[in-house]
file entry.cif (mmCIF, C-alpha atoms)
data_target
loop_
_atom_site.label_atom_id
_atom_site.label_comp_id
_atom_site.auth_asym_id
_atom_site.auth_seq_id
_atom_site.Cartn_x
_atom_site.Cartn_y
_atom_site.Cartn_z
CA MET A 1 -19.74 -0.99 46.93
CA LYS A 2 -20.05 -1.61 43.19
CA ASN A 3 -20.59 2.11 42.44
CA GLU A 4 -17.48 2.99 44.43
CA GLU A 5 -15.42 0.49 42.41
CA LYS A 6 -16.76 1.89 39.16
CA ARG A 7 -16.03 5.48 40.25
CA GLU A 8 -12.51 4.54 41.27
CA LYS A 9 -11.85 2.75 37.96
CA THR A 10 -13.17 5.75 36.03
CA TRP A 11 -10.99 8.11 38.03
CA LYS A 12 -7.91 5.90 37.48
CA HIS A 13 -8.67 5.70 33.76
CA LEU A 14 -8.99 9.49 33.45
CA TYR A 15 -5.85 10.10 35.52
CA THR A 16 -3.82 7.58 33.48
CA ARG A 17 -5.09 9.00 30.20
CA SER A 18 -4.31 12.60 31.19
CA THR A 19 -0.83 11.56 32.33
CA LYS A 20 -0.24 9.77 29.03
CA LEU A 21 -1.50 12.77 27.06
CA ALA A 22 0.77 15.14 28.97
CA ARG A 23 3.80 12.88 28.47
CA ALA A 24 3.00 12.40 24.77
CA ARG A 25 2.77 16.19 24.28
CA GLN A 26 6.06 16.62 26.11
CA LEU A 27 7.74 14.08 23.80
CA GLY A 28 5.99 15.36 20.67
CA ILE A 29 4.26 12.02 20.11
CA GLU A 30 0.77 11.61 18.74
CA TYR A 31 -1.53 10.06 21.38
CA PRO A 32 -3.83 8.28 21.17
CA ARG A 33 -2.09 6.58 18.27
CA ILE A 34 -4.06 6.64 15.02
CA PRO A 35 -4.57 3.12 13.66
CA ASP A 36 -2.88 2.35 10.33
CA ALA A 37 -6.26 1.41 8.85
CA GLN A 38 -7.48 4.96 9.47
CA LEU A 39 -4.34 6.41 7.86
CA ALA A 40 -4.86 4.21 4.81
CA ARG A 41 -8.40 5.45 4.40
CA LYS A 42 -8.70 8.12 1.75
CA THR A 43 -8.70 11.47 3.52
CA GLY A 44 -8.49 13.73 0.48
CA SER A 45 -10.98 13.95 -2.34
CA GLU A 46 -13.79 11.47 -2.68
CA ALA A 47 -13.89 9.00 -5.58
CA GLY A 48 -14.98 10.74 -8.77
CA GLY A 49 -14.29 14.20 -7.33
CA ARG A 50 -11.41 16.58 -7.80
CA LYS A 51 -7.87 15.45 -6.96
CA ASN A 52 -6.09 17.25 -4.13
CA ILE A 53 -2.54 18.13 -5.18
CA LEU A 54 0.17 19.50 -2.89
CA PHE A 55 3.20 21.18 -4.51
CA VAL A 56 6.29 21.42 -2.31
CA CYS A 57 9.58 23.30 -2.61
CA SER A 58 11.97 24.73 0.01
CA LYS A 59 10.69 28.19 0.98
CA ASN A 60 7.30 28.19 -0.79
CA GLN A 61 8.42 31.33 -2.53
CA TRP A 62 8.87 30.67 -6.26
CA ARG A 63 8.49 27.13 -7.57
CA SER A 64 5.58 25.67 -5.61
CA PRO A 65 3.50 28.90 -5.67
CA THR A 66 4.06 29.01 -9.45
CA ALA A 67 2.77 25.44 -9.75
CA GLU A 68 -0.20 26.31 -7.55
CA ALA A 69 -1.00 29.37 -9.69
CA ILE A 70 -0.79 27.38 -12.94
CA TRP A 71 -3.00 24.48 -11.83
CA ARG A 72 -5.41 26.41 -9.56
CA SER A 73 -7.95 26.93 -12.34
CA HIS A 74 -7.94 23.32 -13.60
CA PRO A 75 -11.47 21.88 -13.22
CA ASP A 76 -10.28 18.47 -11.92
CA LEU A 77 -7.81 19.73 -9.31
CA ASN A 78 -7.68 21.35 -5.90
CA VAL A 79 -4.16 22.64 -5.29
CA ARG A 80 -2.05 23.91 -2.39
CA SER A 81 1.62 24.66 -1.98
CA GLY A 82 4.06 24.61 0.89
CA GLY A 83 7.72 24.59 1.81
CA THR A 84 9.94 22.25 3.79
CA SER A 85 12.10 25.00 5.31
CA PRO A 86 11.18 26.25 8.80
CA ASN A 87 11.14 29.80 7.40
CA ALA A 88 8.91 28.96 4.42
CA ARG A 89 5.97 31.27 3.68
CA HIS A 90 3.71 28.30 4.38
CA HIS A 91 5.45 25.36 6.07
CA VAL A 92 3.96 22.03 4.98
CA SER A 93 1.79 20.68 7.80
CA GLU A 94 0.42 17.27 8.66
CA ASP A 95 -3.02 18.58 7.65
CA ASP A 96 -1.69 19.47 4.19
CA ILE A 97 -0.31 15.96 3.75
CA ARG A 98 -3.51 14.31 4.96
CA TRP A 99 -5.50 16.54 2.58
CA ALA A 100 -3.38 15.68 -0.47
CA ASP A 101 -4.09 12.77 -2.79
CA VAL A 102 -0.81 13.39 -4.64
CA ILE A 103 2.29 15.28 -3.50
CA CYS A 104 4.62 16.80 -6.09
CA VAL A 105 8.02 17.88 -4.77
CA MET A 106 10.50 19.92 -6.77
CA GLU A 107 13.65 18.03 -5.72
CA GLU A 108 14.63 14.73 -4.10
CA LYS A 109 15.70 16.58 -0.92
CA HIS A 110 12.11 17.78 -0.39
CA LYS A 111 10.86 14.19 -0.52
CA ALA A 112 13.52 13.16 2.01
CA ARG A 113 12.59 16.03 4.35
CA LEU A 114 8.89 15.18 4.19
CA LYS A 115 9.60 11.51 4.88
CA ALA A 116 11.80 12.42 7.83
CA GLU A 117 9.16 14.68 9.37
CA TYR A 118 5.91 12.87 8.47
CA THR A 119 6.89 9.22 8.03
CA ARG A 120 3.67 7.50 9.10
CA VAL A 121 1.33 9.94 7.39
CA LEU A 122 3.20 9.53 4.09
CA ASP A 123 2.99 5.72 4.10
CA PHE A 124 -0.08 5.80 1.89
CA LYS A 125 0.63 8.91 -0.22
CA ALA A 126 1.95 9.17 -3.77
CA ILE A 127 5.02 11.44 -3.90
CA HIS A 128 6.45 12.51 -7.26
CA VAL A 129 9.79 14.27 -7.71
CA LEU A 130 9.59 16.83 -10.55
CA ASP A 131 13.38 17.44 -10.70
CA ILE A 132 13.05 21.21 -11.04
CA PRO A 133 16.13 22.97 -9.61
CA ASP A 134 15.99 26.14 -7.50
CA GLU A 135 17.03 28.53 -10.26
CA TYR A 136 13.74 30.16 -11.22
CA ARG A 137 11.70 33.13 -10.02
CA TYR A 138 7.93 33.17 -9.53
CA MET A 139 6.10 32.61 -12.84
CA ASP A 140 9.39 32.39 -14.80
CA ALA A 141 8.44 31.37 -18.37
CA GLU A 142 10.85 28.41 -18.38
CA LEU A 143 9.54 27.20 -15.01
CA VAL A 144 5.94 27.46 -16.23
CA GLU A 145 6.83 25.45 -19.35
CA GLN A 146 8.53 22.70 -17.30
CA LEU A 147 5.54 22.43 -14.97
CA LYS A 148 3.09 22.27 -17.88
CA GLN A 149 5.14 19.47 -19.44
CA CYS A 150 5.70 17.19 -16.44
CA VAL A 151 2.62 17.59 -14.21
CA PRO A 152 -0.14 16.38 -16.60
CA SER A 153 1.57 13.01 -17.18
CA ILE A 154 1.96 12.47 -13.43
CA LEU A 155 -1.63 13.42 -12.62
CA MET A 156 -3.07 11.86 -15.80
CA ILE A 157 -4.90 15.02 -16.79
CA GLU A 158 -5.09 17.06 -19.98
#
call {"tool": "encode", "arguments": {"input": "entry.cif", "output": "structure tokens"}}
result
Amino acid sequence: MKNEEKREKTWKHLYTRSTKLARARQLGIEYPRIPDAQLARKTGSEAGGRKNILFVCSKNQWRSPTAEAIWRSHPDLNVRSGGTSPNARHHVSEDDIRWADVICVMEEKHKARLKAEYTRVLDFKAIHVLDIPDEYRYMDAELVEQLKQCVPSILMIE
């Protein structure tokens, strides 16, 4: 009798869980919910290691790839870039945000878009707005100069 009860409870648990998973997928909700304590835990670089920096612009075409190219060879940094637009070369993903210790966005609208799409994941992330308008091409000399001036003070690097 006891084994039958246990089997039935296990079956009900599995059925309920699979139903919840299916419904969560249908609604686009993360299930099971990740506890806030786990989100707060450092998911990027370990203490004393290299900082993980994510550069974000709209289409990941000119500004953020330029920033990635400039800072890629820095010994204290791991860098990635992404875009907020659905047709970006590399659309920023939840994995990118979890990976990053610091997120540098080119404009205030990029910060707003990230917060709208990844609210909970961004609760414990530093986001810095670089205020670099969308008027430069890839590796434009003026863009490179602006990035070299503003990024080191934000990241506290030389």
call {"tool": "atom_distance", "arguments": {"input": "entry.cif", "atom1": "CA of Glu108 (chain A)", "atom2": "CA of Ile53 (chain A)"}}
result
17.5 Å
call {"tool": "closest_residue", "arguments": {"input": "entry.cif", "among": "A:Asp101, A:Asp96, A:Asp123, A:Glu135", "to": "Arg63 (chain A)", "atoms": "all atoms listed in the file"}}
result
A:Glu135
call {"tool": "atom_distance", "arguments": {"input": "entry.cif", "atom1": "CA of Lys51 (chain A)", "atom2": "CA of Val151 (chain A)"}}
result
12.9 Å
call {"tool": "atom_distance", "arguments": {"input": "entry.cif", "atom1": "CA of Thr84 (chain A)", "atom2": "CA of Gln146 (chain A)"}}
result
21.1 Å
call {"tool": "residues_around", "arguments": {"input": "entry.cif", "residues": "Val102 (chain A)", "least_positions_apart": "4", "cutoff": "12 Å", "atoms": "only C-alpha atoms", "output": "PyMOL selection string"}}
result
chain A and resi 42-45+50-56+77-81+96-98+122+124-129+151+154-156
call {"tool": "resolve_selection", "arguments": {"input": "entry.cif", "expression": "the PyMOL selection byres ((chain A and resi 132) around 10)", "output": "JSON, numbers by chain"}}
result
{"A": [57, 63, 105, 106, 107, 108, 129, 130, 131, 133, 134, 135, 136, 143, 146, 147, 150]}
call {"tool": "closest_residue", "arguments": {"input": "entry.cif", "among": "A:Tyr118, A:Ala112, A:Cys104, A:Trp99", "to": "Ala67 (chain A)", "atoms": "all atoms listed in the file"}}
result
A:Cys104
call {"tool": "closest_residue", "arguments": {"input": "entry.cif", "among": "A:Ala116, A:Leu27, A:Ala88, A:Gly49", "to": "Asp76 (chain A)", "atoms": "all atoms listed in the file"}}
result
A:Gly49
call {"tool": "closest_residue", "arguments": {"input": "entry.cif", "among": "A:Pro75, A:Pro65, A:Pro152, A:Gly82", "to": "Arg137 (chain A)", "atoms": "only C-alpha atoms"}}
result
A:Pro65
call {"tool": "closest_residue", "arguments": {"input": "entry.cif", "among": "A:Asn87, A:Thr66, A:Gln26, A:Ser58", "to": "Leu114 (chain A)", "atoms": "only C-alpha atoms"}}
result
A:Ser58
call {"tool": "closest_residue", "arguments": {"input": "entry.cif", "among": "A:His74, A:Ala69, A:His110, A:Trp62", "to": "Arg89 (chain A)", "atoms": "all atoms listed in the file"}}
result
A:Trp62
